[in-house]
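Engineer: Take this structure, written in structure tokens, and hold onto it; I'll ask about it next.
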Amino acid sequence: MSISFATIVCNGEPSPDSVLIAYTRDSDTVIAVDAGIEQLANLGITPDVFVGDMDSVSERIREAVQPPEIIEYPRDKSVSDAEIAVTIAIERGVQKSLLLSAAGKRMDHFYSNLAVVSKFPGRALLVDGSLTVFSLGELVRKCTISTEPGDLLSVFSFGSAVGGLTIRGAKWEVTGRTLYPGSLGLSNTATGKQVEISIETGTMFIFTESRFDQIEFDKTPAAT
């Protein structure tokens, strides 16, 4: 069964051309965030939607690339263009939104994109090189990742401690552990074909070498 997903190209350090081409080719919709449209234009790709304030898009690109839909926002606003793009994708029924070219360059922008990922657990994922970054939180507390033995897996609490962390199928397994902010969750590895991760409270980032379509989320509401 195919998974509805959007590729959202941001204005960070450009993802490799091969990654941009593959994801934009296979996604249901392509959204360019501000100067991310220049990365696509250089590859001859026209996004389905452009979102942004045009503050970092060259005049040449504005004239040459005409997306079917342009959603322009003022430069002074309370949320980032990337968050607006993810919100638009979710409102249109997209199951997973992949943020590409979303790391590097300005560290505050990268952190902002991670914060967007934390706001939409199971819905917004960031792809950087060979890693996929996503979150578990209040609405999505469990995931199953298809893996190969030796695949990298790192987990970090975000903002405050994560309670009830359970990891199965990895070199270092835990049950019901509290994970505090820090580096403890760095560089675990898968031992087989599947890793299961769940939490009870808090928000957690997961970094994995598995692709987004190898990650399944359990959206069953947590017991109260």
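Note on naming: chains are A, B, ... as they come in the structure tokens, residues start from 1 per chain, ligands start from 1 in the order shown.
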May I have the residues within 6 Å of Val133 in chain A as a PyMOL selection string, using only C-alpha atoms and disregarding those fewer than 4 positions away in the same chain?

Structural biologist: chain A and resi 125-126+206-207

Engineer: Only C-alpha atoms, please: the residues just picked out, written as a PDB file, in the first residue's frame.

Structural biologist:
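File written: selection07.pdb
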ATOM      1  CA  LEU A 125      10.323  13.834   9.390  1.00  0.00           C
ATOM      2  CA  LEU A 126      13.671  15.383   8.497  1.00  0.00           C
ATOM      3  CA  ILE A 206      14.916   9.334  16.944  1.00  0.00           C
ATOM      4  CA  PHE A 207      17.706   9.261  14.359  1.00  0.00           C
TER       5      PHE A 207
END

Engineer: Using backbone DSSP assignments, extract all helix (DSSP H, G or I) residues from range 19-203 of chain A; output them as a ChimeraX atom specification.

Structural biologist: /A:19-26,36-41,59-64,81-91,107-119

Engineer: Just to be explicit: take each residue in the selection above, keep N, CA and C atoms, and write the result as a compact mmCIF listing (two decimals), in the first residue's frame.

Structural biologist:
# COMPACT_ATOMS: atom_id res chain seq x y z
N VAL A 19 19.17 12.61 -4.00
CA VAL A 19 18.12 12.53 -2.98
C VAL A 19 16.94 13.41 -3.36
N LEU A 20 17.23 14.63 -3.78
CA LEU A 20 16.16 15.54 -4.19
C LEU A 20 15.37 14.97 -5.36
N ILE A 21 16.07 14.42 -6.33
CA ILE A 21 15.39 13.87 -7.51
C ILE A 21 14.53 12.68 -7.13
N ALA A 22 15.08 11.77 -6.32
CA ALA A 22 14.34 10.55 -5.95
C ALA A 22 13.09 10.88 -5.14
N TYR A 23 13.21 11.74 -4.14
CA TYR A 23 12.07 12.04 -3.28
C TYR A 23 11.01 12.86 -4.01
N THR A 24 11.43 13.84 -4.79
CA THR A 24 10.43 14.64 -5.51
C THR A 24 9.73 13.81 -6.58
N ARG A 25 10.43 12.86 -7.16
CA ARG A 25 9.82 12.00 -8.18
C ARG A 25 8.75 11.11 -7.59
N ASP A 26 8.97 10.61 -6.39
CA ASP A 26 8.07 9.62 -5.82
C ASP A 26 6.99 10.20 -4.92
N GLY A 36 14.38 27.31 -1.16
CA GLY A 36 14.46 25.91 -1.56
C GLY A 36 14.04 25.72 -3.00
N ILE A 37 13.27 26.68 -3.53
CA ILE A 37 12.83 26.58 -4.92
C ILE A 37 14.01 26.69 -5.88
N GLU A 38 15.09 27.36 -5.45
CA GLU A 38 16.27 27.49 -6.31
C GLU A 38 16.97 26.14 -6.47
N GLN A 39 17.01 25.36 -5.39
CA GLN A 39 17.62 24.03 -5.49
C GLN A 39 16.87 23.17 -6.49
N LEU A 40 15.54 23.25 -6.47
CA LEU A 40 14.74 22.48 -7.40
C LEU A 40 14.90 23.00 -8.83
N ALA A 41 14.93 24.32 -8.98
CA ALA A 41 15.06 24.91 -10.32
C ALA A 41 16.37 24.49 -10.97
N GLU A 59 15.60 37.16 -8.31
CA GLU A 59 14.68 37.64 -9.33
C GLU A 59 14.64 36.70 -10.52
N ARG A 60 15.80 36.11 -10.84
CA ARG A 60 15.88 35.17 -11.97
C ARG A 60 14.95 33.99 -11.76
N ILE A 61 14.94 33.44 -10.54
CA ILE A 61 14.10 32.28 -10.25
C ILE A 61 12.63 32.69 -10.21
N ARG A 62 12.34 33.85 -9.67
CA ARG A 62 10.96 34.31 -9.63
C ARG A 62 10.36 34.38 -11.04
N GLU A 63 11.18 34.81 -11.97
CA GLU A 63 10.69 34.94 -13.35
C GLU A 63 10.66 33.62 -14.08
N ALA A 64 11.62 32.73 -13.78
CA ALA A 64 11.77 31.50 -14.56
C ALA A 64 10.88 30.36 -14.08
N ASP A 81 8.50 29.31 7.71
CA ASP A 81 7.95 28.83 6.44
C ASP A 81 7.85 27.30 6.43
N ALA A 82 8.84 26.64 7.04
CA ALA A 82 8.81 25.18 7.07
C ALA A 82 7.61 24.66 7.86
N GLU A 83 7.31 25.30 8.99
CA GLU A 83 6.15 24.87 9.77
C GLU A 83 4.85 25.14 9.01
N ILE A 84 4.80 26.26 8.33
CA ILE A 84 3.62 26.55 7.50
C ILE A 84 3.44 25.47 6.45
N ALA A 85 4.54 25.06 5.80
CA ALA A 85 4.47 24.05 4.75
C ALA A 85 3.97 22.71 5.30
N VAL A 86 4.47 22.30 6.46
CA VAL A 86 4.02 21.05 7.07
C VAL A 86 2.53 21.14 7.43
N THR A 87 2.12 22.25 7.98
CA THR A 87 0.72 22.43 8.34
C THR A 87 -0.19 22.34 7.13
N ILE A 88 0.23 22.98 6.03
CA ILE A 88 -0.54 22.91 4.80
C ILE A 88 -0.65 21.47 4.30
N ALA A 89 0.46 20.74 4.33
CA ALA A 89 0.45 19.35 3.87
C ALA A 89 -0.50 18.50 4.71
N ILE A 90 -0.47 18.67 6.03
CA ILE A 90 -1.34 17.90 6.91
C ILE A 90 -2.80 18.25 6.65
N GLU A 91 -3.08 19.53 6.48
CA GLU A 91 -4.46 19.95 6.22
C GLU A 91 -4.99 19.35 4.92
N MET A 107 22.49 27.49 12.27
CA MET A 107 22.13 26.52 13.29
C MET A 107 20.75 26.79 13.89
N ASP A 108 20.37 28.08 13.98
CA ASP A 108 19.05 28.36 14.55
C ASP A 108 17.94 27.87 13.63
N HIS A 109 18.16 27.94 12.31
CA HIS A 109 17.17 27.41 11.38
C HIS A 109 17.07 25.88 11.49
N PHE A 110 18.23 25.23 11.65
CA PHE A 110 18.23 23.77 11.81
C PHE A 110 17.47 23.39 13.08
N TYR A 111 17.74 24.12 14.18
CA TYR A 111 17.04 23.82 15.42
C TYR A 111 15.55 24.07 15.25
N SER A 112 15.20 25.13 14.56
CA SER A 112 13.79 25.42 14.32
C SER A 112 13.12 24.28 13.56
N ASN A 113 13.82 23.72 12.57
CA ASN A 113 13.25 22.60 11.81
C ASN A 113 13.10 21.36 12.68
N LEU A 114 14.04 21.13 13.59
CA LEU A 114 13.89 20.02 14.53
C LEU A 114 12.69 20.26 15.44
N ALA A 115 12.49 21.51 15.84
CA ALA A 115 11.34 21.83 16.69
C ALA A 115 10.03 21.55 15.95
N VAL A 116 10.02 21.81 14.63
CA VAL A 116 8.83 21.49 13.83
C VAL A 116 8.60 19.98 13.83
N VAL A 117 9.67 19.21 13.68
CA VAL A 117 9.56 17.75 13.73
C VAL A 117 8.98 17.31 15.07
N SER A 118 9.40 17.97 16.16
CA SER A 118 8.90 17.59 17.49
C SER A 118 7.43 17.94 17.66
N LYS A 119 6.97 18.95 16.94
CA LYS A 119 5.58 19.39 17.08
C LYS A 119 4.62 18.44 16.38

Engineer: Near Leu179 in chain A, counting only C-alpha atoms, which residues have an atom at most 10 Å away, once you skip same-chain residues fewer than 3 positions from it, shown as a PyMOL selection string?

Structural biologist: chain A and resi 155-158+160-165+176+182-185+199+202+204

Engineer: Would you save the residues of that selection, restricted to C-alpha atoms, as a PDB file, in the first residue's frame?

Structural biologist:
ATOM      1  CA  VAL A 155      17.464   8.630  20.683  1.00  0.00           C
ATOM      2  CA  PHE A 156      17.387  11.906  22.626  1.00  0.00           C
ATOM      3  CA  SER A 157      14.879  13.517  24.943  1.00  0.00           C
ATOM      4  CA  PHE A 158      13.691  16.948  23.829  1.00  0.00           C
ATOM      5  CA  SER A 160      12.488  17.546  29.363  1.00  0.00           C
ATOM      6  CA  ALA A 161      12.921  13.960  30.481  1.00  0.00           C
ATOM      7  CA  VAL A 162      11.247  11.129  28.562  1.00  0.00           C
ATOM      8  CA  GLY A 163       9.464   8.620  30.773  1.00  0.00           C
ATOM      9  CA  GLY A 164       8.846   4.922  30.189  1.00  0.00           C
ATOM     10  CA  LEU A 165      11.306   4.495  27.316  1.00  0.00           C
ATOM     11  CA  GLY A 176      10.513   1.603  31.157  1.00  0.00           C
ATOM     12  CA  GLY A 182      22.040  14.544  27.369  1.00  0.00           C
ATOM     13  CA  SER A 183      24.059  12.253  25.133  1.00  0.00           C
ATOM     14  CA  LEU A 184      23.146   8.875  26.661  1.00  0.00           C
ATOM     15  CA  GLY A 185      21.064   7.747  23.664  1.00  0.00           C
ATOM     16  CA  ILE A 199       7.619   6.081  25.417  1.00  0.00           C
ATOM     17  CA  GLY A 202       7.688  13.497  27.060  1.00  0.00           C
ATOM     18  CA  MET A 204      11.889  12.227  21.975  1.00  0.00           C
TER      19      MET A 204
END

Engineer: From the list A:Thr189, A:Thr144, A:Gln194, A:Ser154, which residue is nearest Ile215 in chain A when using only C-alpha atoms?

Structural biologist: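 Among A:Thr189, A:Thr144, A:Gln194, A:Ser154, it is A:Thr144 that comes nearest to Ile215 in chain A.
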
Engineer: Excluding same-chain residues fewer than 5 positions from Val94 in chain A, what lies within 9 Å of it counting only C-alpha atoms, as a PDB file with N, CA and C atoms, in the first residue's frame?

Structural biologist:
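Okay, this is what ended up in out26.pdb:
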ATOM      1  N   ILE A   3       2.153   5.072   0.503  1.00  0.00           N
ATOM      2  CA  ILE A   3       2.007   6.025   1.590  1.00  0.00           C
ATOM      3  C   ILE A   3       1.985   7.415   0.991  1.00  0.00           C
ATOM      4  N   SER A   4       0.969   8.194   1.332  1.00  0.00           N
ATOM      5  CA  SER A   4       0.895   9.564   0.864  1.00  0.00           C
ATOM      6  C   SER A   4       1.949  10.386   1.602  1.00  0.00           C
ATOM      7  N   PHE A   5       2.871  11.001   0.832  1.00  0.00           N
ATOM      8  CA  PHE A   5       3.852  11.841   1.488  1.00  0.00           C
ATOM      9  C   PHE A   5       4.189  13.051   0.634  1.00  0.00           C
ATOM     10  N   ALA A   6       4.600  14.103   1.330  1.00  0.00           N
ATOM     11  CA  ALA A   6       5.012  15.336   0.676  1.00  0.00           C
ATOM     12  C   ALA A   6       6.503  15.518   0.869  1.00  0.00           C
ATOM     13  N   ASP A  28       3.819  12.560  -3.425  1.00  0.00           N
ATOM     14  CA  ASP A  28       2.513  12.948  -3.933  1.00  0.00           C
ATOM     15  C   ASP A  28       2.430  14.435  -4.212  1.00  0.00           C
ATOM     16  N   THR A  29       3.205  15.206  -3.470  1.00  0.00           N
ATOM     17  CA  THR A  29       3.246  16.643  -3.717  1.00  0.00           C
ATOM     18  C   THR A  29       4.610  17.173  -3.309  1.00  0.00           C
ATOM     19  N   ILE A  88       0.231  22.976   6.034  1.00  0.00           N
ATOM     20  CA  ILE A  88      -0.543  22.912   4.796  1.00  0.00           C
ATOM     21  C   ILE A  88      -0.651  21.466   4.304  1.00  0.00           C
ATOM     22  N   ALA A  89       0.460  20.738   4.327  1.00  0.00           N
ATOM     23  CA  ALA A  89       0.454  19.349   3.867  1.00  0.00           C
ATOM     24  C   ALA A  89      -0.499  18.498   4.711  1.00  0.00           C
ATOM     25  N   ARG A 123       4.310  12.670  11.812  1.00  0.00           N
ATOM     26  CA  ARG A 123       3.810  13.346  10.622  1.00  0.00           C
ATOM     27  C   ARG A 123       4.909  14.123   9.882  1.00  0.00           C
TER      28      ARG A 123
END

Engineer: Which residue gives the smallest distance to Val174 in chain A among A:Ile45, A:Ile71, A:Ile8, A:Ile197, with only C-alpha atoms counted?

Structural biologist: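 Looking only at the distances to Val174 in chain A, the closest residue turns out to be A:Ile197.
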
Engineer: Please determine, counting only C-alpha atoms, which residue among A:Val79, A:Leu186, A:Val127, A:Leu136 has the shortest atom-to-atom distance to Gly104 in chain A.

Structural biologist: A:Val127

Engineer: Can you check which residues of range 100-162 of chain A DSSP gives as strand (DSSP E) on the backbone and send them as a ChimeraX atom specification?

Structural biologist: /A:100,124-128,131-136,142-146,152-157,162

Engineer: Which distance in Å separates CA of Glu138 in chain A and CA of Ala124 in chain A, to one decimal?

Structural biologist: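 Between these atoms lies a distance of 14.3 Å.
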
Engineer: Please report the interatomic distance between CA of Thr46 in chain A and CA of Asp34 in chain A in Å with one decimal.

Structural biologist: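 Computing it gives 13.2 Å between the two atoms.
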
Engineer: Choose the residue, out of A:Ala190, A:Ile145, A:Val49, A:Ala32, that has the smallest atom-to-atom separation from Gln214 in chain A; count only C-alpha atoms.

Structural biologist: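 Of all the options, A:Ile145 lies closest to Gln214 in chain A.
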